[in-house]
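Peer 1: To be precise about what I am sending: the file is called upload03.cif and holds mmCIF, C-alpha atoms.
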data_coords
loop_
_atom_site.label_atom_id
_atom_site.label_comp_id
_atom_site.auth_asym_id
_atom_site.auth_seq_id
_atom_site.Cartn_x
_atom_site.Cartn_y
_atom_site.Cartn_z
CA MET A 202 16.30 9.45 11.87
CA ILE A 203 14.39 8.65 15.06
CA ALA A 204 12.29 6.04 13.27
CA ALA A 205 15.42 4.50 11.72
CA ALA A 206 17.16 4.34 15.09
CA LEU A 207 14.08 2.81 16.70
CA SER A 208 13.80 0.19 13.96
CA ILE A 209 17.41 -0.87 14.60
CA ALA A 210 16.72 -0.90 18.35
CA LEU A 211 13.66 -3.10 17.81
CA LEU A 212 15.81 -5.57 15.89
CA LEU A 213 18.64 -5.63 18.44
CA PHE A 214 16.55 -5.70 21.62
CA GLY A 215 14.03 -7.99 19.98
CA ARG A 216 16.73 -10.58 19.31
CA MET A 217 17.86 -10.28 22.92
CA LEU A 218 14.26 -10.85 24.02
CA GLY A 219 14.05 -13.82 21.67
CA ASP A 220 17.18 -15.33 23.23
CA LEU A 221 15.65 -14.92 26.69
CA LEU A 222 12.40 -16.54 25.58
CA LEU A 223 14.31 -19.48 24.07
CA LYS A 224 16.58 -19.93 27.09
CA PRO A 225 14.26 -22.43 28.85
CA LEU A 226 14.20 -24.51 25.65
CA LEU A 227 18.00 -24.54 25.53
CA ILE A 228 18.11 -25.65 29.16
CA LEU A 229 15.80 -28.54 28.33
CA LEU A 230 17.93 -29.35 25.29
CA PRO A 231 21.50 -28.69 26.50
CA LYS A 232 23.07 -30.41 23.51
CA VAL A 233 21.24 -28.88 20.59
CA ARG A 234 22.00 -30.63 17.32
CA GLN A 235 23.28 -28.56 14.40
CA ASP A 236 19.99 -28.82 12.50
CA MET A 237 17.99 -27.64 15.54
CA ALA A 238 20.44 -24.79 16.13
CA PHE A 239 19.73 -23.65 12.57
CA LEU A 240 15.99 -23.49 13.31
CA LEU A 241 16.64 -21.59 16.53
CA MET A 242 18.57 -18.97 14.53
CA TYR A 243 15.27 -18.12 12.83
CA LEU A 244 13.09 -18.66 15.89
CA ARG A 245 14.93 -16.06 17.96
CA PHE A 246 13.19 -13.43 15.80
CA ILE A 247 10.02 -14.13 17.78
CA GLY A 248 11.31 -11.51 20.21
CA VAL A 249 11.53 -8.94 17.39
CA LEU A 250 8.00 -9.84 16.28
CA LEU A 251 6.53 -9.45 19.76
CA LEU A 252 8.46 -6.29 20.66
CA THR A 253 7.56 -4.52 17.40
CA ALA A 254 3.90 -5.51 17.63
CA ILE A 255 3.64 -4.33 21.24
CA TYR A 256 5.42 -1.04 20.52
CA CYS A 257 3.26 -0.24 17.48
CA ALA A 258 0.03 -1.17 19.28
CA TRP A 259 1.04 1.17 22.12
CA ALA A 260 2.79 4.11 20.40
CA GLU A 261 1.93 3.98 16.68
CA LYS A 262 -1.76 3.12 16.52
CA GLU A 263 -2.22 4.28 12.90
CA VAL A 264 0.66 2.09 11.80
CA TRP A 265 -0.70 -0.79 13.90
CA LYS A 266 -4.10 -0.58 12.14
CA SER A 267 -2.38 -0.82 8.73
CA PHE A 268 -1.05 -4.29 9.64
CA PHE A 269 -4.58 -5.69 9.33
CA SER A 270 -6.41 -3.23 7.06
CA ARG A 271 -8.34 -4.50 4.06
CA ARG A 272 -9.53 -2.43 1.10
CA GLN A 273 -7.73 0.87 0.61
CA GLY A 274 -8.34 2.92 -2.50
CA GLY A 275 -8.60 0.50 -5.41
CA MET A 276 -6.64 -2.34 -3.77
CA PRO A 277 -7.96 -5.16 -1.56
CA GLY A 278 -5.15 -4.73 1.00
CA ASN A 279 -4.24 -7.51 3.43
CA THR A 280 -6.06 -10.52 1.99
CA ALA A 281 -5.42 -14.23 1.48
CA SER A 282 -5.08 -13.62 -2.27
CA HIS A 283 -2.31 -11.07 -1.73
CA PHE A 284 -0.58 -13.45 0.67
CA PHE A 285 -0.75 -16.18 -1.99
CA LEU A 286 0.64 -13.83 -4.66
CA GLY A 287 3.55 -13.04 -2.36
CA ILE A 288 4.35 -16.75 -1.98
CA VAL A 289 4.19 -17.33 -5.74
CA ALA A 290 6.42 -14.32 -6.46
CA GLY A 291 9.06 -15.17 -3.84
CA ALA A 292 9.32 -18.88 -4.65
CA GLY A 293 8.97 -18.23 -8.38
CA ILE A 294 11.93 -15.84 -8.54
CA ILE A 295 14.17 -18.27 -6.62
CA GLY A 296 13.09 -21.14 -8.88
CA PHE A 297 13.78 -19.08 -12.00
CA CYS A 298 17.23 -18.03 -10.76
CA ILE A 299 18.15 -21.65 -9.99
CA LEU A 300 16.95 -22.74 -13.43
CA ILE A 301 19.18 -20.11 -15.07
CA ALA A 302 22.15 -21.30 -12.98
CA PHE A 303 21.59 -24.89 -14.16
CA LEU A 304 21.21 -23.90 -17.79
CA HIS A 305 24.41 -21.91 -17.56
CA GLY A 306 26.18 -24.91 -16.00
CA GLY A 307 27.24 -23.18 -12.81
CA ALA A 308 25.39 -25.46 -10.39
CA GLU A 309 24.52 -29.10 -9.90
CA LEU A 310 21.45 -30.62 -8.25
CA ALA A 311 21.37 -33.65 -5.94
CA ALA A 312 18.66 -35.21 -3.79
CA GLY A 313 18.59 -34.14 -0.17
CA GLY A 314 16.08 -35.59 2.24
CA PHE A 315 12.39 -35.15 2.97
CA HIS A 316 12.14 -34.64 6.74
CA VAL A 317 8.50 -33.69 7.24
CA VAL A 318 8.65 -32.50 10.86
CA TYR A 319 11.86 -30.54 10.24
CA LEU A 320 10.49 -28.94 7.08
CA LEU A 321 7.25 -27.91 8.79
CA GLY A 322 9.20 -26.58 11.75
CA GLY A 323 11.43 -24.69 9.34
CA LEU A 324 8.40 -23.13 7.67
CA LEU A 325 7.09 -21.84 11.00
CA CYS A 326 10.51 -20.50 12.01
CA VAL A 327 11.09 -18.76 8.67
CA LEU A 328 7.59 -17.26 8.82
CA ILE A 329 8.43 -15.80 12.23
CA GLN A 330 11.79 -14.44 11.03
CA ALA A 331 10.41 -12.96 7.80
CA GLY A 332 7.34 -11.62 9.57
CA ALA A 333 9.51 -9.93 12.19
CA GLU A 334 11.74 -8.22 9.63
CA GLU A 335 8.76 -7.09 7.57
CA LEU A 336 6.98 -5.78 10.64
CA VAL A 337 10.06 -3.69 11.45
CA PHE A 338 11.00 -2.42 7.97
CA ARG A 339 7.74 -2.36 6.00
CA GLY A 340 5.31 -2.18 8.91
CA TYR A 341 6.79 0.20 11.46
CA LEU A 342 9.61 2.05 9.64
CA LEU A 343 7.90 2.54 6.28
CA GLY A 344 4.59 3.29 7.98
CA VAL A 345 6.03 6.02 10.21
CA ILE A 346 8.03 7.65 7.41
CA ARG A 347 4.93 7.71 5.17
CA LEU A 348 3.18 9.91 7.74
CA ASN A 349 5.67 12.71 6.97
CA ARG A 350 6.96 11.99 3.45
CA GLU A 351 5.66 10.94 0.05
CA ASP A 352 5.53 7.21 -0.65
CA TRP A 353 8.63 7.14 -2.86
CA GLY A 354 10.74 8.85 -0.23
CA ALA A 355 9.52 6.41 2.41
CA VAL A 356 10.15 3.40 0.15
CA LEU A 357 13.70 4.46 -0.72
CA ILE A 358 14.67 5.31 2.88
CA SER A 359 13.31 2.04 4.28
CA ALA A 360 14.90 0.07 1.42
CA GLY A 361 18.28 1.71 2.05
CA ILE A 362 18.20 0.88 5.77
CA PHE A 363 17.02 -2.67 4.99
CA ALA A 364 19.96 -3.15 2.61
CA ALA A 365 22.43 -1.60 5.07
CA MET A 366 21.37 -4.03 7.81
CA HIS A 367 22.45 -6.93 5.57
CA LEU A 368 25.86 -5.57 4.54
CA LEU A 369 27.71 -8.00 6.81
CA ASN A 370 26.18 -11.06 5.13
CA PRO A 371 28.98 -13.44 4.03
CA GLY A 372 29.79 -13.37 0.34
CA LEU A 373 27.82 -10.18 -0.34
CA THR A 374 28.94 -8.53 -3.59
CA ALA A 375 28.29 -5.09 -5.06
CA LEU A 376 25.59 -6.65 -7.23
CA GLY A 377 24.18 -8.30 -4.11
CA CYS A 378 23.95 -4.90 -2.41
CA LEU A 379 22.00 -3.52 -5.36
CA ARG A 380 19.75 -6.58 -5.29
CA LEU A 381 19.02 -5.99 -1.60
CA LEU A 382 18.16 -2.36 -2.33
CA ILE A 383 15.83 -3.37 -5.18
CA SER A 384 14.29 -6.04 -2.95
CA GLY A 385 13.56 -3.37 -0.34
CA VAL A 386 11.93 -1.22 -3.02
CA VAL A 387 9.80 -4.13 -4.25
CA LEU A 388 8.63 -4.92 -0.72
CA GLY A 389 7.95 -1.25 -0.05
CA LEU A 390 5.84 -0.99 -3.21
CA MET A 391 3.81 -4.00 -2.09
CA VAL A 392 2.82 -1.92 0.93
CA CYS A 393 2.42 1.46 -0.76
CA ARG A 394 0.87 0.33 -4.04
CA CYS A 395 -0.77 -3.03 -3.18
CA LYS A 396 -1.62 -1.88 0.38
CA SER A 397 -0.55 -5.27 1.72
CA LEU A 398 1.97 -5.97 4.45
CA TRP A 399 0.86 -9.60 4.27
CA MET A 400 2.18 -9.83 0.71
CA THR A 401 5.64 -8.73 1.85
CA ILE A 402 5.66 -11.31 4.66
CA ALA A 403 4.64 -14.06 2.21
CA PHE A 404 7.25 -12.99 -0.37
CA HIS A 405 10.05 -12.82 2.23
CA THR A 406 9.03 -16.17 3.76
CA ALA A 407 8.82 -17.96 0.41
CA TRP A 408 12.17 -16.48 -0.70
CA ASN A 409 14.04 -17.64 2.40
CA TYR A 410 12.24 -20.98 2.75
CA ALA A 411 12.70 -21.99 -0.89
CA GLN A 412 16.41 -21.23 -0.72
CA THR A 413 17.06 -22.86 2.64
CA PHE A 414 14.74 -25.82 3.04
CA VAL A 415 13.82 -26.69 -0.54
CA PHE A 416 17.05 -26.15 -2.47
CA GLY A 417 19.61 -26.15 0.35
CA LEU A 418 21.07 -22.80 -0.68
CA PRO A 419 22.82 -20.43 1.72
CA VAL A 420 20.83 -17.56 3.22
CA ALA A 421 23.05 -14.87 4.77
CA GLY A 422 25.90 -17.37 4.49
CA MET A 423 24.10 -20.08 6.51
CA VAL A 424 23.12 -23.48 5.08
CA SER A 425 20.61 -25.95 6.52
CA GLU A 426 21.88 -29.49 7.00
CA LYS A 427 18.50 -30.82 5.86
CA ALA A 428 16.78 -29.81 2.63
CA ILE A 429 14.68 -31.50 -0.06
CA PHE A 430 17.39 -30.88 -2.65
CA ARG A 431 21.07 -30.05 -2.40
CA ILE A 432 22.68 -27.64 -4.85
CA SER A 433 26.43 -27.34 -5.24
CA ALA A 434 28.43 -24.86 -7.27
CA VAL A 435 30.44 -26.01 -10.26
CA HIS A 436 31.99 -22.56 -10.49
CA SER A 437 31.06 -19.04 -9.41
CA SER A 438 29.69 -16.67 -12.02
CA LEU A 439 27.11 -13.92 -12.51
CA PHE A 440 24.46 -16.66 -12.31
CA TYR A 441 25.55 -18.56 -9.19
CA ASP A 442 27.88 -17.88 -6.29
CA ALA A 443 29.43 -20.62 -4.16
CA VAL A 444 28.99 -18.56 -0.95
CA ALA A 445 25.89 -16.45 -1.57
CA GLY A 446 23.96 -18.85 -3.83
CA VAL A 447 21.60 -16.99 -6.16
CA GLU A 448 20.88 -14.01 -3.89
CA SER A 449 23.80 -11.91 -5.10
CA CYS A 450 23.61 -12.88 -8.77
CA LEU A 451 22.41 -11.15 -11.91
CA PRO A 452 19.14 -13.10 -12.49
CA ALA A 453 17.87 -12.25 -8.99
CA PHE A 454 18.63 -8.56 -9.49
CA LEU A 455 17.01 -8.39 -12.93
CA THR A 456 13.96 -10.41 -11.93
CA GLU A 457 13.24 -8.29 -8.87
CA LEU A 458 13.78 -5.15 -10.94
CA ALA A 459 11.22 -6.49 -13.42
CA LEU A 460 8.82 -7.21 -10.54
CA CYS A 461 9.27 -3.63 -9.36
CA PHE A 462 8.15 -2.27 -12.74
CA ALA A 463 5.33 -4.83 -12.93
CA ILE A 464 3.90 -3.64 -9.60
CA LEU A 465 4.12 -0.02 -10.72
CA PHE A 466 2.42 -0.78 -14.03
CA MET A 467 -0.35 -2.98 -12.62
CA THR A 468 -1.28 -0.60 -9.78
CA GLU A 469 -0.92 2.76 -11.56
CA GLY A 470 -4.63 3.19 -12.21
CA LYS A 471 -5.72 1.78 -8.86
CA ARG A 472 -3.73 3.73 -6.30
CA LYS A 473 -5.53 6.22 -4.15
#
When written as structure tokens, how does the structure in this file appear?
Peer 2:
Amino acid sequence: MIAAALSIALLLFGRMLGDLLLKPLLILLPKVRQDMAFLLMYLRFIGVLLLTAIYCAWAEKEVWKSFFSRRQGGMPGNTASHFFLGIVAGAGIIGFCILIAFLHGGAELAAGGFHVVYLLGGLLCVLIQAGAEELVFRGYLLGVIRLNREDWGAVLISAGIFAAMHLLNPGLTALGCLRLLISGVVLGLMVCRCKSLWMTIAFHTAWNYAQTFVFGLPVAGMVSEKAIFRISAVHSSLFYDAVAGVESCLPAFLTELALCFAILFMTEGKRK
């Protein structure tokens, strides 16, 4: 309970710190355009990233070491290859879900715009946001709970709190809640079975970036004004939602559930 409360505090106070750090930028840019305001929404998580890193380095040294550890048991741990696998998995699932929505006829695709500087800035901002959330939920929270509980207990508790923190997302359905829970389990298994926090950061970053800046889909109800493509809903269904995009739909849930079993199967003989 203490770890859960502290993780929520790190998120809340970290965002406040992020707002303070960004205040000079807002003074220099008093009339922030809508597209820049969208980037700042992600960038404010830099406070969460810094606060969590500082707290863990000071008070949770064993957890802090796990952020950078390499080979553990039969797994390579935090490596470039695991980071790459996380990117492929996150972007691949979003791409598959969008393909299913098109085949079903629930969505239409149109060209957006290729704004190089904005897209690169978006990648950095999403990496900060995803890295901050993963540092809190899969780095600190999961790491602390694992010191006192078995891995499955730690994974389920951290996944439940992760899902609960997103319950106010616009357009969230019952299926979307289950998908968030499964997503938390998948990310937890990447840490417990693959020994890689970096993989979770890459997966989370690719998931959010592909939705927001590649396909122009809503993330937590927010839509970027600039994206490579623009997807619009023909009608809402189990395969595409006009408010939540593909996040709260059946293909996302089933694909992440399949990924969960794939991680369990592929790491069963390698875990310590």
Peer 1: Exactly which residues make up the result of the PyMOL selection byres ((chain A and resi 291) around 7) on this file, given as a PDB file with C-alpha atoms, in the coordinates of the input?
Peer 2:
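Output below, filename result.pdb:
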ATOM      1  CA  GLY A 287       3.550 -13.040  -2.360  1.00  0.00           C
ATOM      2  CA  ILE A 288       4.350 -16.750  -1.980  1.00  0.00           C
ATOM      3  CA  VAL A 289       4.190 -17.330  -5.740  1.00  0.00           C
ATOM      4  CA  ALA A 290       6.420 -14.320  -6.460  1.00  0.00           C
ATOM      5  CA  ALA A 292       9.320 -18.880  -4.650  1.00  0.00           C
ATOM      6  CA  GLY A 293       8.970 -18.230  -8.380  1.00  0.00           C
ATOM      7  CA  ILE A 294      11.930 -15.840  -8.540  1.00  0.00           C
ATOM      8  CA  ILE A 295      14.170 -18.270  -6.620  1.00  0.00           C
ATOM      9  CA  PHE A 404       7.250 -12.990  -0.370  1.00  0.00           C
ATOM     10  CA  HIS A 405      10.050 -12.820   2.230  1.00  0.00           C
ATOM     11  CA  ALA A 407       8.820 -17.960   0.410  1.00  0.00           C
ATOM     12  CA  TRP A 408      12.170 -16.480  -0.700  1.00  0.00           C
TER      13      TRP A 408
END
Peer 1: Given the choices A:Lys396, A:His305, A:Arg245, A:Arg272, which gets closest to Arg339 of chain A if the distance is worked out from all atoms listed in the file?
Peer 2: A:Lys396
Peer 1: For a test of reading the model, state the distance in Å between atom CA of Asn370 of chain A and atom CA of Met423 of chain A, rounded to one decimal.
Peer 2: 9.4 Å
Peer 1: In terms of the shortest atom-to-atom distance over only C-alpha atoms, which of A:Ser433, A:Gln412, A:Asn349, A:Thr456 is closest to Ala204 of chain A?
Peer 2: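 Distance minimum relative to Ala204 of chain A lands on A:Asn349.
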Peer 1: Any idea what's packed within 9 Å of Ser397 of chain A, counting all atoms listed in the file, ignoring anything in its chain fewer than 2 positions away? Could you give it as a short mmCIF file (atom, residue, chain, number, x, y, z; two decimals) with C-alpha atoms, in the frame of the given file?
Peer 2:
data_model
loop_
_atom_site.label_atom_id
_atom_site.label_comp_id
_atom_site.auth_asym_id
_atom_site.auth_seq_id
_atom_site.Cartn_x
_atom_site.Cartn_y
_atom_site.Cartn_z
CA SER A 267 -2.38 -0.82 8.73
CA PHE A 268 -1.05 -4.29 9.64
CA PHE A 269 -4.58 -5.69 9.33
CA SER A 270 -6.41 -3.23 7.06
CA ARG A 271 -8.34 -4.50 4.06
CA MET A 276 -6.64 -2.34 -3.77
CA PRO A 277 -7.96 -5.16 -1.56
CA GLY A 278 -5.15 -4.73 1.00
CA ASN A 279 -4.24 -7.51 3.43
CA THR A 280 -6.06 -10.52 1.99
CA HIS A 283 -2.31 -11.07 -1.73
CA PHE A 284 -0.58 -13.45 0.67
CA MET A 391 3.81 -4.00 -2.09
CA VAL A 392 2.82 -1.92 0.93
CA CYS A 393 2.42 1.46 -0.76
CA ARG A 394 0.87 0.33 -4.04
CA CYS A 395 -0.77 -3.03 -3.18
CA TRP A 399 0.86 -9.60 4.27
CA MET A 400 2.18 -9.83 0.71
CA THR A 401 5.64 -8.73 1.85
#
